[in-house]
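Note: the block below is data13.txt and it holds compact mmCIF, C-alpha atoms.
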```txt
# COMPACT_ATOMS: atom_id res chain seq x y z
CA MET A 1 -141.30 -101.00 -87.14
CA THR A 2 -137.55 -101.04 -86.67
CA ASP A 3 -136.01 -103.00 -83.81
CA ASP A 4 -133.08 -100.62 -83.50
CA PRO A 5 -133.68 -98.45 -80.40
CA ARG A 6 -131.47 -95.72 -81.78
CA GLU A 7 -133.84 -95.16 -84.70
CA LEU A 8 -136.98 -94.49 -82.67
CA SER A 9 -138.44 -91.03 -82.29
CA ILE A 10 -138.39 -89.48 -78.83
CA PRO A 11 -141.78 -88.38 -77.53
CA ASP A 12 -142.25 -85.27 -75.47
CA PRO A 13 -142.47 -86.09 -71.76
CA PRO A 14 -145.94 -85.88 -70.20
CA ALA A 15 -146.59 -83.58 -67.30
CA ALA A 16 -147.98 -85.93 -64.64
CA ALA A 17 -146.50 -89.07 -63.13
CA GLY A 18 -149.74 -91.02 -62.88
CA ARG A 19 -152.61 -91.42 -60.48
CA GLY A 20 -151.75 -90.20 -57.01
CA GLY A 21 -148.22 -89.32 -58.09
CA VAL A 22 -147.34 -93.03 -58.48
CA ILE A 23 -145.40 -93.94 -61.62
CA ASP A 24 -147.67 -96.24 -63.65
CA GLU A 25 -145.35 -96.85 -66.59
CA ASP A 26 -141.96 -98.42 -67.16
CA LEU A 27 -139.33 -95.77 -66.41
CA TYR A 28 -135.71 -96.62 -65.77
CA CYS A 29 -133.08 -95.16 -63.44
CA LEU A 30 -130.48 -93.35 -65.51
CA THR A 31 -127.71 -94.59 -63.20
CA CYS A 32 -128.38 -98.31 -62.75
CA GLY A 33 -131.32 -99.12 -65.06
CA TYR A 34 -133.73 -100.10 -62.25
CA ASN A 35 -137.42 -100.03 -63.23
CA LEU A 36 -139.07 -97.19 -61.28
CA ARG A 37 -142.68 -98.32 -61.86
CA GLY A 38 -144.77 -98.15 -58.67
CA LEU A 39 -142.62 -95.49 -57.00
CA SER A 40 -143.63 -91.87 -56.40
CA GLY A 41 -142.02 -88.47 -56.15
CA ASP A 42 -140.40 -86.03 -58.54
CA PRO A 43 -137.49 -86.45 -58.48
CA VAL A 44 -137.96 -90.13 -57.68
CA ARG A 45 -135.28 -91.86 -55.61
CA CYS A 46 -134.04 -95.17 -56.99
CA PRO A 47 -134.21 -97.89 -54.30
CA GLU A 48 -131.38 -99.80 -56.00
CA CYS A 49 -128.60 -97.21 -56.21
CA GLY A 50 -130.07 -94.29 -54.23
CA GLU A 51 -129.79 -91.76 -57.06
CA SER A 52 -132.54 -89.21 -57.70
CA ASN A 53 -134.16 -89.12 -61.15
CA ASP A 54 -136.12 -86.22 -62.58
CA LEU A 55 -139.31 -87.64 -64.13
CA GLY A 56 -139.15 -85.40 -67.17
CA THR A 57 -135.65 -86.63 -67.88
CA VAL A 58 -136.15 -90.35 -67.30
CA ARG A 59 -139.23 -90.34 -69.55
CA ILE A 60 -137.24 -89.20 -72.57
CA PRO A 61 -135.49 -92.53 -73.34
CA ALA A 62 -138.16 -94.82 -71.82
CA PRO A 63 -139.72 -96.05 -75.13
CA MET A 64 -136.29 -96.79 -76.57
CA ILE A 65 -135.19 -98.61 -73.43
CA GLY A 66 -138.40 -100.62 -73.36
CA LEU A 67 -137.91 -101.78 -76.96
CA ALA A 68 -134.29 -102.72 -76.32
CA LEU A 69 -135.24 -104.76 -73.24
CA HIS A 70 -138.04 -106.46 -75.16
CA ASN A 71 -135.61 -107.44 -77.89
CA LEU A 72 -133.21 -108.83 -75.31
CA GLU A 73 -136.05 -111.04 -74.07
CA THR A 74 -137.14 -112.37 -77.46
CA ALA A 75 -134.11 -112.30 -79.79
CA PRO A 76 -131.98 -114.86 -77.87
CA THR A 77 -134.98 -117.21 -77.77
CA MET A 78 -135.49 -116.83 -81.51
CA SER A 79 -131.81 -117.63 -82.04
CA VAL A 80 -132.38 -120.96 -80.30
CA VAL A 81 -135.40 -121.62 -82.53
CA GLY A 82 -133.29 -120.85 -85.59
CA SER A 83 -130.56 -123.23 -84.42
CA ILE A 84 -133.09 -126.01 -83.83
CA MET A 85 -134.57 -125.50 -87.29
CA MET A 86 -131.12 -125.50 -88.86
CA CYS A 87 -129.90 -128.63 -87.06
CA GLY A 88 -133.18 -130.45 -87.59
CA GLY A 89 -133.13 -129.59 -91.28
CA ALA A 90 -129.53 -130.74 -91.61
CA LEU A 91 -130.33 -134.09 -89.97
CA ALA A 92 -133.37 -134.52 -92.21
CA ILE A 93 -131.27 -133.79 -95.30
CA ILE A 94 -128.70 -136.39 -94.32
CA SER A 95 -131.40 -138.93 -93.49
CA GLY A 96 -133.23 -138.25 -96.77
CA PHE A 97 -130.15 -138.80 -98.90
CA LEU A 98 -129.14 -141.91 -96.95
CA ALA A 99 -132.65 -143.29 -97.50
CA ARG A 100 -132.50 -142.18 -101.16
CA GLN A 101 -135.54 -139.92 -100.77
CA PRO A 102 -134.49 -136.60 -102.35
CA CYS A 103 -137.94 -134.98 -102.14
CA PRO A 104 -138.13 -134.86 -98.31
CA ALA A 105 -134.49 -133.79 -98.31
CA ALA A 106 -135.38 -130.83 -100.55
CA PHE A 107 -138.07 -129.66 -98.10
CA ALA A 108 -135.62 -130.13 -95.24
CA LEU A 109 -133.15 -127.94 -97.12
CA ILE A 110 -135.72 -125.13 -97.14
CA GLY A 111 -136.20 -125.52 -93.38
CA CYS A 112 -132.46 -125.52 -92.83
CA GLY A 113 -132.07 -122.32 -94.84
CA GLY A 114 -134.92 -120.68 -92.93
CA GLY A 115 -133.29 -121.66 -89.65
CA MET A 116 -129.99 -120.14 -90.74
CA ALA A 117 -131.74 -116.89 -91.73
CA LEU A 118 -133.64 -116.74 -88.43
CA LEU A 119 -130.46 -117.43 -86.45
CA ALA A 120 -128.58 -114.67 -88.28
CA TRP A 121 -131.40 -112.18 -87.71
CA ALA A 122 -131.74 -113.05 -84.01
CA LEU A 123 -128.00 -112.74 -83.35
CA ASP A 124 -127.90 -109.35 -85.07
CA ALA A 125 -131.03 -108.18 -83.21
CA THR A 126 -129.51 -109.20 -79.88
CA ARG A 127 -126.25 -107.43 -80.66
CA ARG A 128 -127.98 -104.21 -81.70
CA ALA A 129 -130.51 -104.26 -78.86
CA CYS A 130 -127.75 -104.04 -76.24
CA GLN A 131 -125.72 -101.58 -78.33
CA GLU A 132 -123.05 -104.20 -79.02
CA HIS A 133 -122.28 -104.83 -75.36
CA PRO A 134 -119.72 -107.71 -75.26
CA ALA A 135 -121.92 -109.74 -72.88
CA TRP A 136 -124.50 -110.47 -75.60
CA ARG A 137 -122.49 -113.46 -76.82
CA ARG A 138 -122.57 -115.06 -73.38
CA ILE A 139 -126.33 -114.53 -73.14
CA VAL A 140 -126.95 -116.27 -76.46
CA LEU A 141 -124.56 -119.08 -75.53
CA ASP A 142 -126.42 -119.58 -72.24
CA PHE A 143 -129.73 -120.00 -74.06
CA HIS A 144 -128.27 -122.50 -76.51
CA LEU A 145 -126.43 -124.56 -73.91
CA ILE A 146 -129.42 -124.80 -71.56
CA THR A 147 -131.70 -125.84 -74.42
CA PHE A 148 -129.21 -128.48 -75.54
CA LEU A 149 -128.80 -129.90 -72.03
CA CYS A 150 -132.54 -129.99 -71.31
CA ALA A 151 -133.84 -131.14 -74.70
CA GLY A 152 -131.00 -131.90 -77.09
CA VAL A 153 -129.07 -134.42 -75.00
CA PRO A 154 -132.10 -136.73 -74.39
CA VAL A 155 -132.87 -136.73 -78.11
CA VAL A 156 -129.26 -137.45 -79.06
CA LEU A 157 -129.03 -140.26 -76.48
CA GLY A 158 -132.25 -141.77 -77.79
CA CYS A 159 -130.98 -141.68 -81.38
CA ILE A 160 -127.66 -143.25 -80.37
CA ALA A 161 -129.41 -145.99 -78.43
CA ALA A 162 -131.73 -146.72 -81.36
CA ALA A 163 -128.89 -146.76 -83.88
CA ALA A 164 -126.75 -149.02 -81.69
CA ARG A 165 -129.76 -151.20 -80.83
CA LEU A 166 -129.24 -150.60 -77.13
CA PRO A 167 -132.08 -150.92 -74.62
CA LEU A 168 -133.83 -147.58 -74.06
CA ALA A 169 -133.44 -148.14 -70.32
CA VAL A 170 -129.90 -146.76 -70.57
CA VAL A 171 -131.21 -143.36 -71.70
CA PRO A 172 -133.19 -141.98 -68.70
CA ILE A 173 -130.35 -141.68 -66.16
CA PRO A 174 -127.88 -139.65 -68.30
CA ALA A 175 -130.80 -137.68 -69.74
CA LEU A 176 -131.96 -136.82 -66.21
CA ILE A 177 -128.44 -135.75 -65.23
CA SER A 178 -128.28 -133.49 -68.28
CA LEU A 179 -131.72 -132.04 -67.49
CA VAL A 180 -130.75 -131.25 -63.88
CA TRP A 181 -127.51 -129.67 -65.07
CA GLY A 182 -129.40 -127.46 -67.50
CA LEU A 183 -131.94 -126.41 -64.86
CA ARG A 184 -129.12 -125.51 -62.45
CA MET A 185 -127.60 -123.26 -65.10
CA TYR A 186 -130.86 -121.39 -65.70
CA PRO A 187 -130.98 -119.05 -62.63
CA PRO A 188 -127.45 -117.62 -63.08
CA ALA A 189 -128.12 -117.28 -66.81
CA VAL A 190 -131.24 -115.23 -66.04
CA GLN A 191 -129.24 -113.04 -63.65
CA ARG A 192 -126.64 -112.38 -66.35
CA ARG A 193 -129.39 -111.45 -68.79
CA HIS A 194 -130.99 -109.10 -66.26
CA GLN A 195 -127.63 -107.44 -65.65
CA LEU A 196 -127.18 -106.97 -69.39
CA GLN A 197 -130.66 -105.45 -69.58
CA ARG A 198 -129.81 -103.03 -66.77
CA ASP A 199 -126.54 -102.06 -68.45
CA THR A 200 -128.39 -101.62 -71.74
CA ALA A 201 -130.99 -99.37 -70.11
CA VAL A 202 -128.25 -97.07 -68.83
CA ARG A 203 -126.39 -97.06 -72.15
CA VAL A 204 -129.53 -96.31 -74.19
CA ALA A 205 -130.57 -93.57 -71.75
CA ALA A 206 -127.15 -91.93 -71.80
CA GLU A 207 -126.94 -92.02 -75.60
CA THR A 208 -130.49 -90.71 -76.03
CA LEU A 209 -130.00 -87.83 -73.60
CA ARG A 210 -126.66 -86.96 -75.16
CA ARG A 211 -128.23 -86.68 -78.61
CA ARG A 212 -131.27 -84.77 -77.33
CA PHE A 213 -129.44 -82.13 -75.33
CA HIS A 214 -126.39 -81.74 -77.56
CA ARG A 215 -128.03 -81.23 -80.91
CA PRO A 216 -126.14 -78.77 -83.10
CA ARG A 217 -127.90 -75.44 -83.50
CA ARG A 218 -129.34 -74.64 -86.89
CA THR A 219 -127.92 -71.57 -88.53
```
Structure re-expressed in structure tokens:
Amino acid sequence: MTDDPRELSIPDPPAAAGRGGVIDEDLYCLTCGYNLRGLSGDPVRCPECGESNDLGTVRIPAPMIGLALHNLETAPTMSVVGSIMMCGGALAIISGFLARQPCPAAFALIGCGGGMALLAWALDATRRACQEHPAWRRIVLDFHLITFLCAGVPVVLGCIAAAARLPLAVVPIPALISLVWGLRMYPPAVQRRHQLQRDTAVRVAAETLRRRFHRPRRT
């Protein structure tokens, strides 16, 4: 299955909204991208922006929007995993050659290459999921920076202390400061990602509707 929302087929809209007229699926406001699940009416009024949405119209791009939003949830996380694999593999390669153990270094090279491939795929998936919205770079950077502050800094401090033969008691305080800093960055990062998801929902909906209702007539 492709992860490009522009390549999905568009299903015909169903006739009913759900039990009791309540929307029981993920449908998105075509103006602001708000999820209309749990609301009722046809047209349904968006509580976020106040615009009315015809159910038959908002259902048209819903599968494509849902896939794009899912990719924006998972692809940045996978980019962090790829970066960790790549950095861990690089450190293992250096350590293996310094210890004159080429066999472990060879396995680490495979892990490093896999991490690079995963990182490249995740960055491309993130970019395509939001239709190349410029904010995707900031979202990926947020994920990487928070992960580094919460997990990477304590590991680096521990390695430095061990290499310099310093007491490990010097590690907890700066590591705790880094952890708190990373946790404080998390809520605004989530808000930025949610805003990108909302913008993406509107962009995917607009593009889908444009292609559906402006198809050239066959002669």
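Nearest-residue note for Leu157 of chain A: choosing from A:His133, A:Thr57, A:Ala175, A:Val140, the minimum distance belongs to A:Ala175, counting only C-alpha atoms.
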Would you please work out which residue, of A:Ala189, A:Val58, A:Met86, A:Val204, is nearest to Gly113 of chain A when using all atoms listed in the file?
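Using all atoms listed in the file, the shortest distance to Gly113 of chain A belongs to A:Met86.
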Which is closest to Arg198 of chain A among A:Ala90, A:Ala125, A:Cys130, A:Ile23, if we use all atoms listed in the file?
A:Cys130
Determine the nearest neighbour of Phe148 of chain A from the options A:Pro167, A:Ile84, A:Gln197, A:Gly115, counting all atoms listed in the file.
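With all atoms listed in the file as the atom set, the closest residue is A:Ile84.
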Pick from A:Ala163, A:Val170, A:Leu183, A:Leu176, whichever lies nearest to Leu145 of chain A using only C-alpha atoms
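When distances to Leu145 of chain A are compared using only C-alpha atoms, the smallest one comes from A:Leu183.
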Let me make sure I understand: among A:Tyr28, A:Pro63, A:Cys87, A:Leu166, which one has the smallest atom-to-atom distance to Cys46 of chain A if we use all atoms listed in the file?
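Closest residue, counting all atoms listed in the file: A:Tyr28.
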Just to confirm, what's the straight-line distance from atom CA of Glu48 of chain A to atom CA of Ala205 of chain A in Å (one decimal)?
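Separating atom CA of Glu48 of chain A from atom CA of Ala205 of chain A is a distance of 17.0 Å.
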What is the atom CA of Asp124 of chain A to atom CA of Pro61 of chain A distance in Å?
21.9 Å
Distance in Å - atom CA of Arg138 of chain A versus atom CA of Arg192 of chain A:
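For atom CA of Arg138 of chain A relative to atom CA of Arg192 of chain A, the distance reads 8.6 Å.
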Tell me which residues come within 8 Å of (-136.4, -100.7, -67.3), as a list in words, counting all atoms listed in the file in the file's coordinates.
Asp26, Leu27, Tyr28, Cys29, Gly33, Tyr34, Asn35, Leu36, Ala62, Ile65, Gly66, Leu69, Gln197, Arg198 and Ala201 of chain A
Save segment 35-48 of chain A of the structure in the block above to a file, with C-alpha atoms included, as a CSV table (one decimal), in the first residue's frame.
```csv
chain,number,residue,atom,x,y,z
A,35,ASN,CA,-12.2,16.2,13.2
A,36,LEU,CA,-16.0,16.2,13.1
A,37,ARG,CA,-16.4,12.7,14.7
A,38,GLY,CA,-19.2,12.7,17.3
A,39,LEU,CA,-21.1,15.7,15.8
A,40,SER,CA,-24.5,15.5,14.0
A,41,GLY,CA,-26.3,17.2,11.3
A,42,ASP,CA,-26.1,17.5,7.5
A,43,PRO,CA,-24.5,19.9,6.9
A,44,VAL,CA,-22.6,19.7,10.1
A,45,ARG,CA,-21.3,22.9,11.7
A,46,CYS,CA,-17.6,22.9,12.7
A,47,PRO,CA,-17.3,23.9,16.3
A,48,GLU,CA,-13.7,25.2,15.6
```
